[in-house]
$ cat run-v9.txt   # compact mmCIF, C-alpha atoms and all ligand atoms
# COMPACT_ATOMS: atom_id res chain seq x y z
CA VAL D 1 0.00 0.00 0.00
CA SER D 2 1.35 3.43 -0.80
CA ILE D 3 0.36 6.51 1.18
CA GLU D 4 0.98 9.86 -0.46
CA VAL D 5 1.54 12.93 1.68
CA ASP D 6 1.22 16.55 0.58
CA ASP D 7 3.30 19.56 1.63
CA GLU D 8 0.88 20.32 4.47
CA GLY D 9 1.53 16.93 6.07
CA LEU D 10 -1.88 15.57 5.08
CA ILE D 11 -2.55 12.27 3.34
CA SER D 12 -3.36 12.99 -0.30
CA GLY D 13 -3.77 9.45 -1.60
CA VAL D 14 -3.86 5.80 -0.53
CA ALA D 15 -3.40 3.08 -3.16
CA ALA D 16 -2.83 -0.67 -3.08
CA GLY D 17 -0.33 -2.45 -5.30
CA ASP D 18 2.05 0.45 -6.03
CA ALA D 19 5.80 -0.09 -5.76
CA ALA D 20 7.76 2.29 -3.50
CA THR D 21 9.14 5.29 -5.36
CA PRO D 22 12.63 6.66 -4.64
CA GLY D 23 12.59 8.79 -1.49
CA SER D 24 9.63 6.94 0.03
CA ILE D 25 9.67 5.93 3.69
CA VAL D 26 9.28 2.14 3.67
CA LEU D 27 7.07 0.77 6.46
CA ARG D 28 7.42 -2.97 7.07
CA GLY D 29 4.89 -4.36 9.53
CA LEU D 30 1.43 -3.33 10.69
CA THR D 31 0.94 0.36 9.89
CA MET D 32 -1.73 2.13 11.92
CA PRO D 33 -2.69 5.75 12.45
CA GLY D 34 -0.38 7.31 15.05
CA LEU D 35 -1.31 6.72 18.69
CA ALA D 36 -2.89 9.35 20.93
CA ASN D 37 -1.83 9.44 24.57
CA ALA D 38 -4.88 11.29 25.87
CA HIS D 39 -3.80 11.90 29.46
CA SER D 40 -0.24 12.71 30.53
CA HIS D 41 1.50 14.41 33.43
CA ALA D 42 4.98 14.33 31.91
CA PHE D 43 6.90 15.27 35.08
CA GLN D 44 5.59 12.19 36.91
CA ARG D 45 7.90 10.06 34.74
CA ALA D 46 10.56 10.83 37.38
CA LEU D 47 8.60 8.80 39.95
CA ARG D 48 8.87 5.54 38.00
CA GLY D 49 10.26 2.80 40.22
CA ARG D 50 10.40 5.13 43.23
CA THR D 51 6.87 4.79 44.55
CA GLN D 52 5.84 1.28 43.61
CA GLY D 53 7.75 -0.30 46.50
CA ALA D 54 5.73 1.54 49.17
CA LEU D 55 3.62 -1.40 50.25
CA GLY D 56 0.41 -0.69 52.09
CA GLY D 57 0.06 2.80 50.57
CA SER D 58 -2.81 4.28 48.60
CA PHE D 59 -3.53 6.94 46.02
CA TRP D 60 -3.33 9.49 48.83
CA THR D 61 0.16 8.43 50.04
CA TRP D 62 1.40 8.38 46.42
CA ARG D 63 0.01 11.90 45.98
CA GLU D 64 2.28 13.16 48.79
CA GLN D 65 5.34 11.78 46.94
CA MET D 66 4.12 13.35 43.69
CA TYR D 67 3.68 16.78 45.31
CA GLY D 68 7.14 16.43 46.86
CA LEU D 69 8.61 16.03 43.36
CA ALA D 70 6.49 18.83 41.88
CA ALA D 71 7.76 21.25 44.55
CA THR D 72 11.36 20.80 43.33
CA LEU D 73 10.64 21.61 39.68
CA ASP D 74 11.48 24.79 37.81
CA GLU D 75 11.05 25.74 34.16
CA ASP D 76 14.34 24.17 32.94
CA ARG D 77 13.85 20.92 34.83
CA ILE D 78 10.29 20.55 33.59
CA GLU D 79 11.34 21.16 30.00
CA ALA D 80 14.15 18.58 30.14
CA LEU D 81 11.96 16.00 31.87
CA ALA D 82 9.03 16.58 29.53
CA ARG D 83 11.18 16.45 26.36
CA ALA D 84 12.68 13.12 27.42
CA THR D 85 9.26 11.76 28.39
CA PHE D 86 7.71 12.88 25.10
CA GLY D 87 10.72 11.23 23.41
CA GLU D 88 9.89 7.97 25.18
CA MET D 89 6.30 8.37 23.97
CA ALA D 90 7.50 8.87 20.39
CA LEU D 91 9.47 5.61 20.61
CA ALA D 92 6.24 3.93 21.79
CA GLY D 93 4.34 5.12 18.71
CA VAL D 94 2.67 8.17 20.24
CA THR D 95 2.21 10.98 17.71
CA LEU D 96 -0.12 13.16 19.83
CA ALA D 97 -0.09 13.70 23.58
CA GLY D 98 -2.56 15.49 25.79
CA GLU D 99 -0.53 17.11 28.56
CA PHE D 100 -2.86 17.80 31.49
CA ASP D 101 -0.82 20.62 32.96
CA TYR D 102 -1.49 21.83 36.47
CA LEU D 103 2.06 23.09 37.06
CA HIS D 104 1.48 25.81 34.46
CA HIS D 105 4.84 25.87 32.70
CA SER D 106 3.17 25.99 29.31
CA ASP D 107 6.11 27.41 27.35
CA ALA D 108 8.44 24.70 28.66
CA ILE D 109 5.92 21.97 27.80
CA LEU D 110 5.40 23.34 24.27
CA ARG D 111 9.16 23.54 23.66
CA ALA D 112 9.54 20.00 25.02
CA ALA D 113 7.00 18.56 22.58
CA ALA D 114 8.64 20.44 19.71
CA GLY D 115 11.99 18.92 20.71
CA ALA D 116 10.53 15.41 20.67
CA GLY D 117 8.73 15.93 17.35
CA ILE D 118 5.23 14.99 18.51
CA ARG D 119 1.95 16.90 18.35
CA LEU D 120 0.62 18.25 21.62
CA THR D 121 -2.63 19.43 23.09
CA LEU D 122 -1.70 21.53 26.11
CA ILE D 123 -4.63 20.97 28.44
CA ASP D 124 -4.19 23.76 30.95
CA ALA D 125 -5.84 22.83 34.22
CA CYS D 126 -7.60 25.26 36.53
CA TYR D 127 -6.52 24.28 40.06
CA LEU D 128 -7.70 26.64 42.77
CA GLN D 129 -7.81 24.66 46.02
CA ASP D 130 -5.79 21.81 47.42
CA GLY D 131 -2.44 20.92 45.87
CA ILE D 132 0.58 23.21 45.83
CA GLY D 133 0.10 26.92 46.34
CA ARG D 134 2.70 28.21 43.94
CA PHE D 135 1.04 26.59 40.92
CA ARG D 136 -2.44 27.94 41.68
CA ASP D 137 -4.15 30.72 39.80
CA GLY D 138 -5.88 33.14 42.17
CA SER D 139 -9.27 32.74 40.55
CA ALA D 140 -10.99 31.12 37.58
CA GLN D 141 -10.92 34.53 35.88
CA ALA D 142 -7.14 34.74 36.37
CA TRP D 143 -6.84 31.21 34.95
CA ALA D 144 -8.86 32.23 31.87
CA LYS D 145 -6.76 35.35 31.34
CA ARG D 146 -3.50 33.36 31.52
CA VAL D 147 -4.71 30.53 29.26
CA GLY D 148 -6.17 33.00 26.77
CA SER D 149 -2.69 34.43 26.29
CA ILE D 150 -0.79 31.15 25.72
CA ASP D 151 0.89 31.17 22.34
CA PRO D 152 1.46 27.69 20.91
CA GLY D 153 4.15 29.33 18.77
CA PRO D 154 7.15 27.03 19.30
CA LEU D 155 5.18 24.08 17.94
CA GLY D 156 3.49 26.00 15.14
CA GLY D 157 0.68 23.96 13.63
CA ARG D 158 1.51 20.96 15.80
CA ALA D 159 0.13 22.37 19.07
CA ARG D 160 -3.39 23.17 20.21
CA ILE D 161 -4.75 24.38 23.51
CA GLY D 162 -7.34 22.65 25.66
CA ALA D 163 -8.90 23.45 29.04
CA ALA D 164 -9.30 21.41 32.19
CA ILE D 165 -11.09 21.55 35.49
CA HIS D 166 -8.54 19.71 37.61
CA SER D 167 -11.28 17.99 39.66
CA VAL D 168 -14.27 18.90 41.81
CA ARG D 169 -11.88 18.74 44.76
CA ALA D 170 -9.80 21.59 43.34
CA VAL D 171 -12.43 23.77 41.62
CA ASP D 172 -15.81 24.83 43.07
CA PRO D 173 -18.94 24.69 40.87
CA SER D 174 -19.06 28.44 40.16
CA ASP D 175 -15.41 28.41 39.05
CA ALA D 176 -15.96 25.22 37.03
CA ALA D 177 -18.70 27.11 35.15
CA VAL D 178 -16.17 29.84 34.22
CA VAL D 179 -13.76 27.25 32.82
CA ALA D 180 -16.55 25.43 30.96
CA ALA D 181 -17.78 28.69 29.40
CA PHE D 182 -14.22 29.55 28.33
CA ALA D 183 -13.87 26.17 26.58
CA ASN D 184 -17.35 26.25 25.08
CA GLU D 185 -16.97 29.75 23.62
CA ARG D 186 -13.74 28.70 21.88
CA GLY D 187 -14.74 25.13 20.95
CA LEU D 188 -11.83 23.69 22.98
CA PRO D 189 -11.50 20.20 24.41
CA LEU D 190 -12.40 20.22 28.11
CA HIS D 191 -11.03 17.54 30.44
CA ALA D 192 -11.48 16.80 34.15
CA HIS D 193 -10.38 14.12 36.60
CA VAL D 194 -13.67 12.47 37.63
CA SER D 195 -14.36 9.91 40.37
CA GLU D 196 -10.89 8.41 40.52
CA GLN D 197 -11.46 7.62 44.20
CA PRO D 198 -14.62 6.79 46.18
CA ALA D 199 -13.61 9.44 48.75
CA GLU D 200 -14.03 12.13 46.07
CA ASN D 201 -17.60 10.98 45.42
CA GLU D 202 -18.48 10.88 49.10
CA GLU D 203 -17.18 14.37 49.78
CA CYS D 204 -18.87 15.77 46.68
CA LEU D 205 -22.22 14.21 47.61
CA ARG D 206 -21.92 15.59 51.14
CA ARG D 207 -20.99 19.12 50.05
CA PHE D 208 -23.10 19.53 46.93
CA GLY D 209 -25.68 16.71 46.92
CA ALA D 210 -24.49 15.49 43.53
CA THR D 211 -21.90 13.18 42.04
CA PRO D 212 -18.78 14.84 40.57
CA LEU D 213 -20.00 14.18 37.02
CA ALA D 214 -23.50 15.55 37.70
CA LEU D 215 -21.92 18.62 39.30
CA LEU D 216 -19.79 19.17 36.18
CA GLY D 217 -22.93 18.76 34.10
CA ARG D 218 -24.65 21.53 36.06
CA ALA D 219 -21.60 23.73 35.43
CA GLY D 220 -22.08 23.30 31.67
CA ALA D 221 -18.97 21.15 31.22
CA LEU D 222 -20.48 18.13 29.46
CA SER D 223 -20.52 17.97 25.67
CA GLU D 224 -18.96 15.96 22.85
CA ARG D 225 -15.73 17.92 23.60
CA PHE D 226 -15.64 16.74 27.23
CA THR D 227 -13.42 13.96 28.59
CA ALA D 228 -13.92 12.42 32.03
CA VAL D 229 -10.48 11.14 33.03
CA HIS D 230 -10.56 7.85 35.01
CA ALA D 231 -14.32 7.77 35.78
CA THR D 232 -13.51 4.61 37.74
CA HIS D 233 -16.17 5.01 40.42
CA LEU D 234 -19.06 6.66 38.59
CA GLY D 235 -22.23 7.10 40.65
CA ASP D 236 -25.85 6.28 39.81
CA GLY D 237 -26.87 7.64 36.43
CA ASP D 238 -23.37 8.96 35.63
CA ALA D 239 -22.59 6.49 32.83
CA GLU D 240 -25.82 7.40 31.02
CA LEU D 241 -25.23 11.11 31.60
CA LEU D 242 -21.76 10.90 30.04
CA ARG D 243 -22.89 8.75 27.13
CA ASP D 244 -25.89 10.95 26.34
CA SER D 245 -23.69 14.06 26.36
CA GLY D 246 -21.43 12.49 23.72
CA GLY D 247 -18.36 12.88 25.94
CA PHE D 248 -15.40 10.55 26.33
CA THR D 249 -13.98 8.52 29.18
CA CYS D 250 -10.19 8.45 29.33
CA VAL D 251 -9.04 5.25 31.00
CA CYS D 252 -5.48 5.00 32.37
CA PRO D 253 -5.23 1.35 33.40
CA THR D 254 -1.51 1.07 34.18
CA THR D 255 -1.70 4.07 36.52
CA GLU D 256 -5.05 3.06 38.00
CA ARG D 257 -3.73 -0.38 38.88
CA ASP D 258 -0.48 1.06 40.25
CA LEU D 259 -2.46 3.39 42.53
CA ALA D 260 -4.99 0.68 43.49
CA ASP D 261 -7.78 2.91 42.17
CA GLY D 262 -10.03 0.14 40.89
CA ILE D 263 -11.12 -1.15 37.49
CA GLY D 264 -12.86 1.22 35.10
CA ALA D 265 -15.56 0.06 32.70
CA PRO D 266 -16.05 2.61 29.91
CA THR D 267 -19.47 2.41 28.27
CA GLY D 268 -19.40 5.08 25.53
CA ARG D 269 -16.50 6.47 23.52
CA PHE D 270 -13.24 6.08 25.36
CA THR D 271 -9.58 6.98 25.06
CA LEU D 272 -6.37 5.92 26.79
CA GLY D 273 -3.63 7.66 28.71
CA SER D 274 -0.39 6.65 30.39
CA ASP D 275 -1.09 9.36 32.99
CA SER D 276 1.67 8.93 35.65
CA HIS D 277 3.89 7.01 33.17
CA ALA D 278 4.38 4.03 35.47
CA VAL D 279 4.93 2.53 32.01
CA ILE D 280 4.59 4.16 28.58
CA ASP D 281 3.04 1.57 26.31
CA LEU D 282 -0.31 2.36 24.71
CA PHE D 283 -0.80 -1.25 23.59
CA GLU D 284 -0.58 -2.28 27.23
CA GLU D 285 -3.08 0.45 28.22
CA ALA D 286 -5.49 -0.63 25.49
CA ARG D 287 -5.51 -4.35 26.21
CA ALA D 288 -5.74 -3.69 29.95
CA VAL D 289 -9.20 -2.16 29.45
CA GLU D 290 -10.42 -5.49 28.11
CA LEU D 291 -8.26 -7.84 30.17
CA ASP D 292 -8.98 -6.15 33.52
CA LEU D 293 -12.70 -6.44 32.74
CA ARG D 294 -12.26 -10.13 32.04
CA LEU D 295 -10.82 -10.57 35.54
CA ALA D 296 -13.61 -8.52 37.10
CA THR D 297 -16.52 -10.04 35.16
CA ARG D 298 -15.20 -13.48 34.14
CA ILE D 299 -16.52 -12.75 30.63
CA ARG D 300 -14.13 -12.76 27.65
CA GLY D 301 -14.76 -10.23 24.96
CA THR D 302 -16.32 -6.84 25.71
CA HIS D 303 -13.89 -4.71 23.69
CA GLY D 304 -12.21 -6.37 20.69
CA ALA D 305 -9.01 -5.24 18.98
CA PRO D 306 -10.80 -2.90 16.48
CA ALA D 307 -12.56 -1.07 19.34
CA LEU D 308 -9.32 -0.79 21.33
CA ALA D 309 -7.49 0.45 18.21
CA ARG D 310 -10.12 3.11 17.61
CA ALA D 311 -9.82 4.26 21.23
CA VAL D 312 -6.07 4.70 20.96
CA THR D 313 -6.20 6.43 17.54
CA ALA D 314 -9.31 8.20 16.17
CA ASP D 315 -11.14 8.72 19.46
CA GLY D 316 -7.95 9.78 21.22
CA TYR D 317 -7.29 12.36 18.50
CA ALA D 318 -10.89 13.62 18.60
CA SER D 319 -10.87 13.99 22.39
CA LEU D 320 -7.74 16.13 22.14
CA GLY D 321 -9.23 18.44 19.53
CA TRP D 322 -7.70 16.86 16.39
CA PRO D 323 -10.68 15.23 14.63
CA GLU D 324 -8.75 15.22 11.34
CA GLY D 325 -6.30 12.65 12.77
CA GLY D 326 -6.63 8.98 13.59
CA ALA D 327 -7.32 7.49 10.14
CA ILE D 328 -5.32 6.53 7.05
CA ALA D 329 -7.40 8.25 4.40
CA PRO D 330 -7.12 11.23 2.05
CA GLY D 331 -7.41 14.56 3.84
CA ARG D 332 -6.38 13.14 7.23
CA LEU D 333 -3.15 13.89 9.13
CA ALA D 334 -0.19 11.83 7.91
CA ASP D 335 0.56 10.56 11.44
CA LEU D 336 1.49 6.88 11.32
CA VAL D 337 3.04 4.18 13.44
CA CYS D 338 4.51 1.01 11.96
CA VAL D 339 4.82 -1.99 14.30
CA ARG D 340 7.27 -4.66 13.22
CA LEU D 341 5.88 -8.17 13.06
CA ASP D 342 9.25 -9.98 12.79
CA GLY D 343 10.51 -9.49 16.36
CA VAL D 344 10.34 -12.17 19.05
CA ARG D 345 6.91 -11.17 20.35
CA LEU D 346 5.07 -11.11 17.04
CA ALA D 347 7.02 -13.36 14.64
CA GLY D 348 4.71 -15.85 12.95
CA THR D 349 1.70 -13.53 13.02
CA ARG D 350 -0.64 -14.05 10.05
CA ALA D 351 -1.59 -10.87 8.21
CA ALA D 352 -5.26 -11.38 9.00
CA ASP D 353 -4.48 -11.55 12.74
CA ALA D 354 -2.04 -8.64 12.85
CA LEU D 355 -4.33 -6.19 14.66
CA ASP D 356 -5.28 -8.73 17.34
CA ALA D 357 -1.64 -9.73 17.76
CA VAL D 358 -0.39 -6.15 18.10
CA LEU D 359 -3.17 -5.05 20.47
CA PHE D 360 -3.03 -8.13 22.71
CA ALA D 361 0.68 -9.05 22.57
CA GLY D 362 2.61 -6.17 21.00
CA ALA D 363 4.71 -3.75 23.03
CA ALA D 364 6.20 -0.28 22.73
CA GLY D 365 9.50 -2.01 21.89
CA ASP D 366 7.98 -3.38 18.66
CA VAL D 367 7.44 0.12 17.24
CA ASP D 368 9.74 0.49 14.26
CA THR D 369 8.83 3.73 12.50
CA VAL D 370 6.81 6.76 13.60
CA VAL D 371 5.72 9.51 11.23
CA VAL D 372 4.22 12.89 12.19
CA GLY D 373 2.85 15.07 9.42
CA GLY D 374 4.66 12.95 6.83
CA ARG D 375 8.08 13.21 8.56
CA GLU D 376 9.85 10.41 10.38
CA ILE D 377 10.52 11.04 14.06
CA VAL D 378 11.44 7.40 14.83
CA ARG D 379 13.29 5.15 12.40
CA ASP D 380 14.40 1.53 13.06
CA GLY D 381 13.17 1.90 16.63
CA ARG D 382 15.38 4.94 17.32
CA HIS D 383 14.44 8.57 17.72
CA VAL D 384 15.88 10.55 14.81
CA SER D 385 17.16 13.48 16.90
CA LEU D 386 17.17 12.57 20.62
CA ASP D 387 19.13 10.08 22.69
CA VAL D 388 16.00 9.42 24.73
CA ALA D 389 17.54 7.13 27.35
CA ALA D 390 20.40 9.56 28.04
CA GLU D 391 17.98 12.49 28.27
CA LEU D 392 15.73 10.58 30.67
CA ALA D 393 18.70 9.65 32.86
CA SER D 394 20.01 13.20 33.15
CA ALA D 395 16.59 14.83 33.58
CA ILE D 396 15.55 12.37 36.29
CA THR D 397 18.91 12.54 38.08
CA ALA D 398 18.60 16.33 38.17
CA VAL D 399 15.34 16.19 40.11
CA SER D 400 16.29 13.31 42.39
CA ALA D 401 19.23 14.85 44.20
ZN ZN Z 1 -4.22 12.83 35.81
$ encode --input "run-v9.txt" --output "structure tokens"
Amino acid sequence: VSIEVDDEGLISGVAAGDAATPGSIVLRGLTMPGLANAHSHAFQRALRGRTQGALGGSFWTWREQMYGLAATLDEDRIEALARATFGEMALAGVTLAGEFDYLHHSDAILRAAAGAGIRLTLIDACYLQDGIGRFRDGSAQAWAKRVGSIDPGPLGGRARIGAAIHSVRAVDPSDAAVVAAFANERGLPLHAHVSEQPAENEECLRRFGATPLALLGRAGALSERFTAVHATHLGDGDAELLRDSGGFTCVCPTTERDLADGIGAPTGRFTLGSDSHAVIDLFEEARAVELDLRLATRIRGTHGAPALARAVTADGYASLGWPEGGAIAPGRLADLVCVRLDGVRLAGTRAADALDAVLFAGAAGDVDTVVVGGREIVRDGRHVSLDVAAELASAITAVSA
């Protein structure tokens, strides 16, 4: 199959049976639309391997360690850490990341994504209570003023802005309404952490007499541009409310299992995120949605490979405000990932089974080539411009002293 790309980085033609022309990028393996990592906190990559050994802890004890790290970060450290983390994502086939940013170093994050060659939706999170004081905006109005002035300049056409209500813990309903109105007026993606923990539901019900999702609905947040991140412990009626609004659920299984959050069960459109980056492997995130449900329900087969593939490509792109991505067809973004089928994990795969094999047994390490806007950013399993492992080592060492 040949895929033609125009000067704008869009696919201009797809044809079967053509021989490669000189100068073509040759993709050997299963070629899919590039992967969308719909929920990321890049700086948390520095916690990998440092928190998992704390036996007997919970989400809340992990959160103390995470805030401890966040307190040590400045602009330069965040940029170095985020560039290396986005580089690791590129090696795993990610062509678009949604950075849910509550530390508010937007310029550093945008430069980092540019350095790694991926697309980015900078999802700037309003965070007014709880958390770390120095990252807070004084009010929802101050948040809107700051976000309205962010220039995605360093990434040019490869960056877009989104909005987030960090959670109902961190933003009161009247402030959530300001953020929702800001996103709605501009047609931006709007994300929020929703019902990751039962304690959040209990407190929300006690204070406001509603579930977190219903409260966000009252604030005008729900629409087909809305993403409920986690949504692990939805309350009565919440699943229907989210589905009827046309919104997405973003499931982050490797983080949710690391933090002992529980098992999510998305019912409508859903996307995937590596969130805390306990691992960065979108194939592992995708199959975990199905395989965790098998353990919980003892039923095999709720979400097949095509549904998981759509979640990690087209729906991920749409939830991050890039509806023109996520498909190999004329007029769509020329963002592609090619997964080799001749390595030890996937050798012997029949062509007809390739999607099942990659989704249920493939790994980030099988990614061979990654293309963003028609340009290679990963070739033969290596990043074309970054020594990702060396960058990760130095960026993480710098914040661990
Ligand atoms: Zn998160």
$ residues_near_point --input "run-v9.txt" --point "(-11.1, 6.8, 22.9)" --cutoff "12 Å" --atoms "all atoms listed in the file" --output "ChimeraX atom specification"
/D:35-39,226-229,246-252,266-273,282,285-286,289,303,306-320,323,326
$ residues_around --input "run-v9.txt" --residues "D:Ile263" --least-positions-apart "6" --cutoff "12 Å" --atoms "only C-alpha atoms" --output "NGL selection string"
:D and (195-197 or 230-234 or 251-257 or 288-297)
$ closest_atom_pairs --input "run-v9.txt" --of "chain D" --to "ligand ZN 1 (chain Z)" --cutoff "8 Å" --atoms "all atoms listed in the file" --output "JSON lines"
{"residue": "D:His39", "atom": "CA", "partner": "Z:ZN1", "partner_atom": "ZN", "distance": 6.4}
{"residue": "D:Ser40", "atom": "CA", "partner": "Z:ZN1", "partner_atom": "ZN", "distance": 6.6}
{"residue": "D:His41", "atom": "CA", "partner": "Z:ZN1", "partner_atom": "ZN", "distance": 6.4}
{"residue": "D:Phe100", "atom": "CA", "partner": "Z:ZN1", "partner_atom": "ZN", "distance": 6.7}
{"residue": "D:His193", "atom": "CA", "partner": "Z:ZN1", "partner_atom": "ZN", "distance": 6.3}
{"residue": "D:Val229", "atom": "CA", "partner": "Z:ZN1", "partner_atom": "ZN", "distance": 7.1}
{"residue": "D:Asp275", "atom": "CA", "partner": "Z:ZN1", "partner_atom": "ZN", "distance": 5.5}
{"residue": "D:Ser276", "atom": "CA", "partner": "Z:ZN1", "partner_atom": "ZN", "distance": 7.1}
$ write_last_selection --input "run-v9.txt" --atoms "C-alpha atoms" --output "mmCIF file, in the coordinates of the input"
data_model
loop_
_atom_site.group_PDB
_atom_site.id
_atom_site.type_symbol
_atom_site.label_atom_id
_atom_site.label_comp_id
_atom_site.auth_asym_id
_atom_site.auth_seq_id
_atom_site.Cartn_x
_atom_site.Cartn_y
_atom_site.Cartn_z
ATOM 1 C CA HIS D 39 -3.800 11.900 29.460
ATOM 2 C CA SER D 40 -0.240 12.710 30.530
ATOM 3 C CA HIS D 41 1.500 14.410 33.430
ATOM 4 C CA PHE D 100 -2.860 17.800 31.490
ATOM 5 C CA HIS D 193 -10.380 14.120 36.600
ATOM 6 C CA VAL D 229 -10.480 11.140 33.030
ATOM 7 C CA ASP D 275 -1.090 9.360 32.990
ATOM 8 C CA SER D 276 1.670 8.930 35.650
#
$ atom_distance --input "run-v9.txt" --atom1 "atom CA of D:Ser167" --atom2 "atom CA of D:Asp151"
24.9 Å
$ residues_around --input "run-v9.txt" --residues "D:Ser223" --least-positions-apart "2" --cutoff "10 Å" --atoms "only C-alpha atoms" --output "PyMOL selection string"
chain D and resi 180+184+189-190+217+220-221+225-227+242-248
$ build_atoms --input "run-v9.txt" --residues "stretch 386-400 of chain D" --atoms "N, CA and C atoms" --output "CSV table (one decimal), in the frame of the given file"
chain,number,residue,atom,x,y,z
D,386,LEU,N,16.9,12.6,19.2
D,386,LEU,CA,17.2,12.6,20.6
D,386,LEU,C,17.8,11.2,21.0
D,387,ASP,N,18.7,11.3,22.0
D,387,ASP,CA,19.1,10.1,22.7
D,387,ASP,C,18.2,10.0,23.9
D,388,VAL,N,17.1,9.3,23.7
D,388,VAL,CA,16.0,9.4,24.7
D,388,VAL,C,16.4,8.9,26.1
D,389,ALA,N,17.1,7.7,26.1
D,389,ALA,CA,17.5,7.1,27.4
D,389,ALA,C,18.5,8.1,28.1
D,390,ALA,N,19.4,8.7,27.4
D,390,ALA,CA,20.4,9.6,28.0
D,390,ALA,C,19.7,10.8,28.6
D,391,GLU,N,18.7,11.3,27.8
D,391,GLU,CA,18.0,12.5,28.3
D,391,GLU,C,17.1,12.2,29.5
D,392,LEU,N,16.5,11.0,29.5
D,392,LEU,CA,15.7,10.6,30.7
D,392,LEU,C,16.6,10.5,31.9
D,393,ALA,N,17.8,9.8,31.7
D,393,ALA,CA,18.7,9.6,32.9
D,393,ALA,C,19.1,11.0,33.4
D,394,SER,N,19.5,11.9,32.6
D,394,SER,CA,20.0,13.2,33.2
D,394,SER,C,18.9,14.0,33.7
D,395,ALA,N,17.7,14.0,33.1
D,395,ALA,CA,16.6,14.8,33.6
D,395,ALA,C,16.1,14.3,34.9
D,396,ILE,N,16.1,13.0,35.0
D,396,ILE,CA,15.6,12.4,36.3
D,396,ILE,C,16.6,12.5,37.4
D,397,THR,N,17.9,12.3,37.1
D,397,THR,CA,18.9,12.5,38.1
D,397,THR,C,18.9,14.0,38.6
D,398,ALA,N,18.6,14.9,37.8
D,398,ALA,CA,18.6,16.3,38.2
D,398,ALA,C,17.5,16.6,39.2
D,399,VAL,N,16.4,15.9,39.2
D,399,VAL,CA,15.3,16.2,40.1
D,399,VAL,C,15.3,15.2,41.3
D,400,SER,N,16.3,14.3,41.3
D,400,SER,CA,16.3,13.3,42.4
D,400,SER,C,17.3,13.6,43.5
